[in-house]
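To be precise, the following lines are structure.cif, and they hold mmCIF, C-alpha atoms.
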data_my_file
loop_
_atom_site.label_atom_id
_atom_site.label_comp_id
_atom_site.auth_asym_id
_atom_site.auth_seq_id
_atom_site.Cartn_x
_atom_site.Cartn_y
_atom_site.Cartn_z
CA MET A 784 78.23 -122.33 -29.33
CA GLN A 785 80.68 -122.16 -32.19
CA GLY A 786 80.77 -120.51 -35.59
CA GLY A 787 77.46 -118.78 -36.32
CA GLY A 788 75.56 -120.21 -33.36
CA LEU A 789 75.13 -123.87 -34.30
CA THR A 790 75.91 -126.10 -31.32
CA THR A 791 78.34 -128.96 -31.69
CA ARG A 792 75.65 -131.36 -30.47
CA ASN A 793 73.23 -130.27 -33.18
CA ALA A 794 75.98 -130.50 -35.78
CA TRP A 795 76.76 -134.10 -34.80
CA PHE A 796 73.08 -135.00 -34.81
CA TYR A 797 72.87 -133.65 -38.35
CA ALA A 798 75.95 -135.62 -39.40
CA SER A 799 74.51 -138.80 -37.88
CA GLY A 800 72.00 -138.87 -40.73
CA GLU A 801 74.87 -139.36 -43.16
CA PHE A 802 76.23 -142.24 -41.08
CA GLY A 803 72.94 -144.14 -41.22
CA SER A 804 72.37 -143.38 -44.88
CA ALA A 805 75.83 -144.70 -45.71
CA LEU A 806 74.98 -148.03 -44.07
CA THR A 807 71.97 -148.72 -46.27
CA TRP A 808 73.19 -147.04 -49.44
CA ASN A 809 76.51 -148.89 -49.42
CA MET A 810 74.84 -152.22 -48.67
CA PHE A 811 72.55 -151.62 -51.64
CA SER A 812 75.43 -150.59 -53.89
CA ALA A 813 77.81 -153.34 -52.87
CA PHE A 814 75.62 -156.37 -52.26
CA ILE A 815 72.32 -156.13 -54.15
CA LEU A 816 73.84 -157.40 -57.42
CA TYR A 817 75.40 -160.40 -55.68
CA TYR A 818 72.21 -161.04 -53.72
CA TYR A 819 69.96 -160.97 -56.76
CA THR A 820 72.16 -163.22 -58.89
CA ASN A 821 73.67 -165.62 -56.32
CA VAL A 822 71.03 -165.82 -53.60
CA ALA A 823 67.73 -164.99 -55.29
CA LEU A 824 69.02 -166.69 -58.48
CA LEU A 825 67.81 -164.03 -60.88
CA PRO A 826 69.26 -163.68 -64.41
CA ALA A 827 72.29 -161.39 -64.46
CA ALA A 828 71.19 -159.56 -67.61
CA ALA A 829 67.74 -158.82 -66.18
CA VAL A 830 69.28 -157.61 -62.91
CA GLY A 831 71.67 -155.35 -64.81
CA THR A 832 68.74 -153.81 -66.65
CA LEU A 833 66.93 -153.24 -63.36
CA LEU A 834 69.92 -151.48 -61.80
CA LEU A 835 70.47 -149.30 -64.88
CA VAL A 836 66.83 -148.27 -65.15
CA SER A 837 66.65 -147.46 -61.45
CA ARG A 838 69.75 -145.23 -61.65
CA VAL A 839 68.40 -143.31 -64.64
CA PHE A 840 65.02 -142.95 -62.92
CA ASP A 841 66.74 -141.61 -59.79
CA ALA A 842 68.53 -139.01 -61.91
CA VAL A 843 65.15 -137.72 -63.07
CA LEU A 844 63.38 -138.08 -59.73
CA ASP A 845 65.90 -136.29 -57.51
CA PRO A 846 65.39 -132.81 -59.07
CA VAL A 847 61.62 -133.26 -58.78
CA ILE A 848 61.94 -133.93 -55.05
CA GLY A 849 64.18 -130.88 -54.75
CA LEU A 850 61.48 -128.77 -56.37
CA LEU A 851 58.89 -130.21 -53.97
CA VAL A 852 61.05 -129.23 -50.99
CA ASP A 853 61.34 -125.68 -52.36
CA ARG A 854 57.54 -125.47 -52.46
CA THR A 855 56.90 -126.99 -49.03
CA LYS A 856 55.92 -124.96 -45.98
CA THR A 857 54.85 -126.69 -42.76
CA ARG A 858 55.18 -126.09 -39.03
CA TRP A 859 58.10 -128.57 -39.07
CA GLY A 860 59.85 -126.65 -41.84
CA LYS A 861 60.50 -127.30 -45.50
CA ALA A 862 62.76 -130.36 -45.49
CA ARG A 863 62.27 -132.08 -42.12
CA PRO A 864 58.78 -133.55 -42.81
CA TYR A 865 60.21 -135.59 -45.69
CA LEU A 866 62.71 -137.26 -43.36
CA VAL A 867 59.92 -139.10 -41.53
CA LEU A 868 57.77 -139.58 -44.63
CA GLY A 869 60.64 -141.21 -46.47
CA VAL A 870 62.81 -143.12 -44.01
CA LEU A 871 60.16 -145.26 -42.30
CA PRO A 872 58.67 -146.82 -45.45
CA PHE A 873 62.16 -146.99 -46.96
CA SER A 874 63.29 -149.15 -44.05
CA VAL A 875 60.54 -151.64 -44.84
CA LEU A 876 61.28 -151.66 -48.59
CA PHE A 877 65.01 -151.99 -47.94
CA VAL A 878 64.45 -155.22 -46.00
CA LEU A 879 61.95 -156.47 -48.58
CA SER A 880 64.53 -155.89 -51.31
CA PHE A 881 66.77 -158.42 -49.55
CA THR A 882 63.86 -160.85 -49.12
CA VAL A 883 63.08 -161.89 -52.67
CA MET A 884 60.03 -164.14 -52.81
CA GLY A 885 58.32 -166.13 -55.55
CA ASP A 886 58.12 -169.66 -56.88
CA SER A 887 59.29 -168.85 -60.41
CA THR A 888 62.07 -166.74 -61.85
CA GLU A 889 59.49 -164.43 -63.44
CA SER A 890 57.63 -163.80 -60.18
CA ARG A 891 60.88 -163.20 -58.30
CA MET A 892 61.98 -160.76 -60.99
CA VAL A 893 58.71 -158.81 -60.79
CA TYR A 894 59.04 -158.74 -57.00
CA ALA A 895 62.61 -157.42 -57.30
CA TRP A 896 61.56 -154.68 -59.73
CA VAL A 897 58.74 -153.48 -57.48
CA THR A 898 60.66 -153.50 -54.20
CA PHE A 899 63.94 -152.12 -55.54
CA MET A 900 62.33 -149.29 -57.52
CA LEU A 901 60.12 -148.28 -54.58
CA ALA A 902 63.10 -148.41 -52.22
CA GLY A 903 65.02 -146.07 -54.54
CA ILE A 904 62.12 -143.61 -54.65
CA LEU A 905 61.77 -143.59 -50.87
CA TYR A 906 65.52 -143.21 -50.35
CA SER A 907 65.45 -140.07 -52.50
CA LEU A 908 62.38 -138.86 -50.60
CA PHE A 909 64.35 -138.53 -47.36
CA TYR A 910 67.94 -138.12 -48.57
CA ILE A 911 67.40 -135.18 -50.95
CA PRO A 912 65.61 -133.17 -48.20
CA TYR A 913 68.38 -134.19 -45.79
CA ASN A 914 70.88 -132.61 -48.17
CA ALA A 915 68.67 -129.52 -48.40
CA LEU A 916 68.71 -129.05 -44.61
CA MET A 917 72.17 -127.53 -44.35
CA PRO A 918 71.35 -124.03 -45.62
CA LEU A 919 68.08 -124.13 -43.67
CA ILE A 920 69.69 -124.74 -40.28
CA THR A 921 72.49 -122.20 -40.56
CA SER A 922 73.43 -119.28 -42.77
CA ASP A 923 76.94 -118.95 -41.36
CA GLY A 924 79.78 -119.99 -43.66
CA ARG A 925 81.87 -121.40 -40.81
CA ASP A 926 79.00 -123.57 -39.66
CA LYS A 927 78.47 -124.89 -43.18
CA ILE A 928 82.13 -125.83 -43.49
CA ARG A 929 81.95 -127.58 -40.11
CA LEU A 930 78.78 -129.44 -41.08
CA GLY A 931 80.31 -130.49 -44.39
CA SER A 932 83.40 -131.84 -42.62
CA MET A 933 81.31 -133.73 -40.06
CA ARG A 934 79.13 -135.20 -42.81
CA SER A 935 82.20 -136.43 -44.68
CA MET A 936 83.55 -138.09 -41.54
CA ALA A 937 80.17 -139.65 -40.78
CA ALA A 938 79.85 -140.97 -44.34
CA SER A 939 83.28 -142.57 -44.16
CA ALA A 940 82.50 -144.05 -40.74
CA GLY A 941 79.20 -145.47 -42.03
CA SER A 942 80.88 -147.02 -45.06
CA LEU A 943 83.63 -148.58 -42.94
CA ALA A 944 81.07 -149.89 -40.43
CA MET A 945 79.01 -151.50 -43.18
CA TYR A 946 81.93 -153.17 -44.94
CA ALA A 947 83.45 -154.30 -41.64
CA THR A 948 80.31 -155.93 -40.27
CA VAL A 949 77.91 -156.94 -43.02
CA THR A 950 79.49 -160.25 -44.08
CA ALA A 951 79.98 -161.31 -40.46
CA LEU A 952 76.37 -160.40 -39.67
CA ILE A 953 75.09 -162.36 -42.67
CA ALA A 954 76.95 -165.45 -41.53
CA SER A 955 76.05 -165.05 -37.86
CA LEU A 956 72.39 -164.11 -38.17
CA GLY A 957 71.72 -166.48 -41.05
CA GLY A 958 72.79 -169.59 -39.17
CA GLY A 959 73.86 -171.23 -42.42
CA SER A 960 71.11 -169.68 -44.57
CA GLU A 961 72.48 -166.91 -46.78
CA GLN A 962 68.94 -165.82 -47.65
CA LEU A 963 67.98 -165.39 -43.99
CA GLY A 964 71.31 -163.75 -43.22
CA TYR A 965 70.79 -161.07 -45.84
CA THR A 966 67.24 -160.40 -44.68
CA LEU A 967 68.15 -160.01 -41.01
CA THR A 968 71.30 -158.02 -41.75
CA SER A 969 69.34 -155.61 -43.94
CA GLY A 970 66.96 -155.19 -41.00
CA VAL A 971 69.85 -154.18 -38.75
CA MET A 972 71.13 -151.64 -41.29
CA ALA A 973 67.64 -150.27 -41.95
CA ALA A 974 66.97 -149.82 -38.22
CA ALA A 975 70.27 -147.97 -37.73
CA ASN A 976 69.49 -145.73 -40.70
CA ALA A 977 65.98 -144.97 -39.44
CA ILE A 978 67.26 -144.06 -35.98
CA SER A 979 69.92 -141.74 -37.41
CA ILE A 980 67.45 -139.90 -39.66
CA LEU A 981 64.88 -139.61 -36.86
CA LEU A 982 67.59 -138.10 -34.66
CA VAL A 983 68.03 -135.43 -37.33
CA PHE A 984 64.28 -134.80 -37.42
CA PHE A 985 63.91 -134.41 -33.66
CA TRP A 986 67.16 -132.60 -32.80
CA VAL A 987 67.94 -130.42 -35.82
CA LYS A 988 65.70 -127.42 -36.38
CA GLU A 989 65.29 -125.27 -39.45
CA ARG A 990 66.10 -121.70 -38.49
CA HIS A 991 66.78 -119.91 -41.77
CA PHE A 992 64.01 -119.68 -44.34
CA PRO A 993 64.03 -117.96 -47.74
CA ALA A 994 61.96 -114.81 -47.90
CA GLU A 995 59.39 -116.52 -50.10
CA VAL A 996 58.36 -120.08 -50.76
CA ALA A 997 59.01 -121.09 -54.37
CA THR A 998 55.93 -120.81 -56.55
CA GLY A 999 54.96 -122.14 -59.93
CA ASN A 1000 54.25 -125.67 -60.97
CA LEU A 1001 56.78 -128.49 -61.20
CA ARG A 1002 56.66 -128.45 -64.99
CA ASP A 1003 57.98 -124.88 -65.08
CA GLY A 1004 60.70 -125.75 -62.60
CA LEU A 1005 61.82 -128.78 -64.60
CA ARG A 1006 61.74 -126.78 -67.84
CA GLY A 1007 64.02 -124.21 -66.25
CA MET A 1008 66.53 -126.86 -65.17
CA PHE A 1009 66.63 -128.74 -68.47
CA SER A 1010 67.12 -125.50 -70.38
CA ASN A 1011 70.17 -124.64 -68.27
CA PRO A 1012 73.32 -125.89 -70.09
CA VAL A 1013 75.47 -125.76 -66.95
CA TRP A 1014 72.97 -127.89 -65.04
CA LEU A 1015 72.82 -130.39 -67.93
CA LEU A 1016 76.61 -130.62 -68.08
CA MET A 1017 77.02 -131.15 -64.33
CA SER A 1018 74.16 -133.66 -64.29
CA GLY A 1019 75.77 -135.64 -67.09
CA VAL A 1020 79.13 -135.72 -65.35
CA GLY A 1021 77.45 -136.70 -62.09
CA LEU A 1022 75.57 -139.54 -63.77
CA LEU A 1023 78.76 -140.93 -65.32
CA LEU A 1024 80.60 -140.76 -62.00
CA PHE A 1025 77.61 -142.41 -60.32
CA ILE A 1026 77.64 -145.30 -62.81
CA ARG A 1027 81.41 -145.71 -62.39
CA LEU A 1028 81.11 -145.79 -58.60
CA GLY A 1029 78.27 -148.30 -58.75
CA ALA A 1030 80.25 -150.61 -61.01
CA MET A 1031 83.34 -150.45 -58.79
CA VAL A 1032 81.44 -151.07 -55.56
CA SER A 1033 79.44 -153.97 -56.99
CA ALA A 1034 82.62 -155.55 -58.40
CA THR A 1035 84.24 -155.27 -54.96
CA ALA A 1036 81.52 -157.41 -53.37
#
Will you turn the file into structure tokens for me?
Amino acid sequence: MQGGGLTTRNAWFYASGEFGSALTWNMFSAFILYYYTNVALLPAAAVGTLLLVSRVFDAVLDPVIGLLVDRTKTRWGKARPYLVLGVLPFSVLFVLSFTVMGDSTESRMVYAWVTFMLAGILYSLFYIPYNALMPLITSDGRDKIRLGSMRSMAASAGSLAMYATVTALIASLGGGSEQLGYTLTSGVMAAANAISILLVFFWVKERHFPAEVATGNLRDGLRGMFSNPVWLLMSGVGLLLFIRLGAMVSATA
């Protein structure tokens, strides 16, 4: 035991979720634009619109999921049930996003909109609760600092692993077919992400609960957030940084 009672093993299991999430999130961020325009042969302007709309939608959706977690009470805890509910269908949608199908440009574009938007929703459904786990598994400040440091290291390791392997996997697994290579490589990344999040679900327990479960409907909760000027300011800055990061990562690929 270290810090406030959180074992090192449990801390690393928690951090492993960040490693797996970094694999899929960074592949989405870095390669989906190239895949849509150069492999699926979709119009660049239409793809740009899709990516912009999905980012704005995520900015609205994430607080809603946070409010849902606040109002959840199950025998598995508040946040942990969403890990399983979100990561398994996300894994399927992640692979489908890199498997664009359709005979015409219009049908492929509709397919891309449906799969990419659903994948974004499902990613938020497990990643926002994953973020919410930290104060639920420990109330000790030293443990939280340790978990934050481990998460940062895991995120960096996941990003490095993705960038170091994804192009080689596409070439190797595709056997000359870039389309097949992207599909199979996304399957590898999705499987690794699912395993890492399931490890969090099975090995990390929620031990610290608030005295009361949040009450009130979602509309009241959203009204409270959007009437908070500090929250609006930080959300705006976060959105701008998010757009900047997305542009840089996509340009790198």
Starting from the shown file, work through the PyMOL selection byres ((chain A and resi 953) around 10) and note down what comes out as an NGL selection string. :A and (948-952 or 954-969)
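Straight-line separation from atom CA of Thr857 of chain A to atom CA of Ser935 of chain A: 29.1 Å.
For the atom pair formed by atom CA of Ala823 of chain A and atom CA of Ser880 of chain A, the distance is 10.4 Å, given to one decimal.
Among the candidates A:Phe873, A:Phe909, A:Tyr946, A:Trp859, the residue lying nearest to Leu806 of chain A is A:Tyr946 (atoms considered: only C-alpha atoms).
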When you look at Leu825 of chain A with a cut-off of 10 Å (counting only C-alpha atoms), what residues show up, excluding the ones that are within fewer than 2 positions of it in the same chain? I need them as number ranges by chain. A: 816-823, 827-830, 883, 887-889, 891-892, 895
Quick one: distance from atom CA of Leu866 of chain A to atom CA of Ser932 of chain A in Å, one decimal? 21.4 Å
Excluding Tyr797 of chain A and residues on its chain fewer than 6 positions from it, collect all residues at most 10 Å away from it, counting only C-alpha atoms, and give them as number ranges by chain. A: 791, 913, 916-917, 920, 930, 933-934, 937, 979-980, 982-984, 986-988
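With all atoms listed in the file as the atoms that count, the minimum distance from Ser804 of chain A to the choices A:Met884, A:Ile928, A:Met1017, A:Val870 is reached by A:Val870.
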What residues come out when you apply the PyMOL selection byres ((chain A and resi 945) around 10) to this file, written as a PyMOL selection string? chain A and resi 802-803+805-810+813+939-944+946-950+952+972
Residues matched by the PyMOL selection byres ((chain A and resi 910) around 9) as an MDAnalysis selection string: chainID A and resid 800:801 804 865:866 869:870 905:909 911:915
Would you mind listing what lies within 8 Å of Ser874 of chain A as a PyMOL selection string, with only C-alpha atoms counted and same-chain residues fewer than 6 positions away left out? chain A and resi 970+973-974+976-977
Only C-alpha atoms, please: the residues just picked out, written as an mmCIF file, in the coordinates of the input.
data_model
loop_
_atom_site.group_PDB
_atom_site.id
_atom_site.type_symbol
_atom_site.label_atom_id
_atom_site.label_comp_id
_atom_site.auth_asym_id
_atom_site.auth_seq_id
_atom_site.Cartn_x
_atom_site.Cartn_y
_atom_site.Cartn_z
ATOM 1 C CA GLY A 970 66.960 -155.190 -41.000
ATOM 2 C CA ALA A 973 67.640 -150.270 -41.950
ATOM 3 C CA ALA A 974 66.970 -149.820 -38.220
ATOM 4 C CA ASN A 976 69.490 -145.730 -40.700
ATOM 5 C CA ALA A 977 65.980 -144.970 -39.440
#
For Phe881 of chain A, which of A:Val867, A:Phe811, A:Gly860, A:Met936 is the closest residue, counting all atoms listed in the file?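 Nearest to Phe881 of chain A: A:Phe811.
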Within 9 Å of Phe899 of chain A, counting all atoms listed in the file, which residues show up once you throw out same-chain ones fewer than 4 positions away? Write them as a list in words, please.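 The residues satisfying every condition are Leu833, Leu834, Ser837, Leu876, Phe877, Leu879, Ser880, Tyr894, Ala895, Gly903 and Ile904 of chain A.
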Give me the box for segment 903-913 of chain A as lines of an AutoDock Vina configuration file, namely the centre and edge lengths in Å to one decimal of a box along x, y and z that holds every listed atom plus 4 Å on each side.
center_x = 65.1
center_y = -139.6
center_z = -50.2
size_x = 14.6
size_y = 20.9
size_z = 16.9
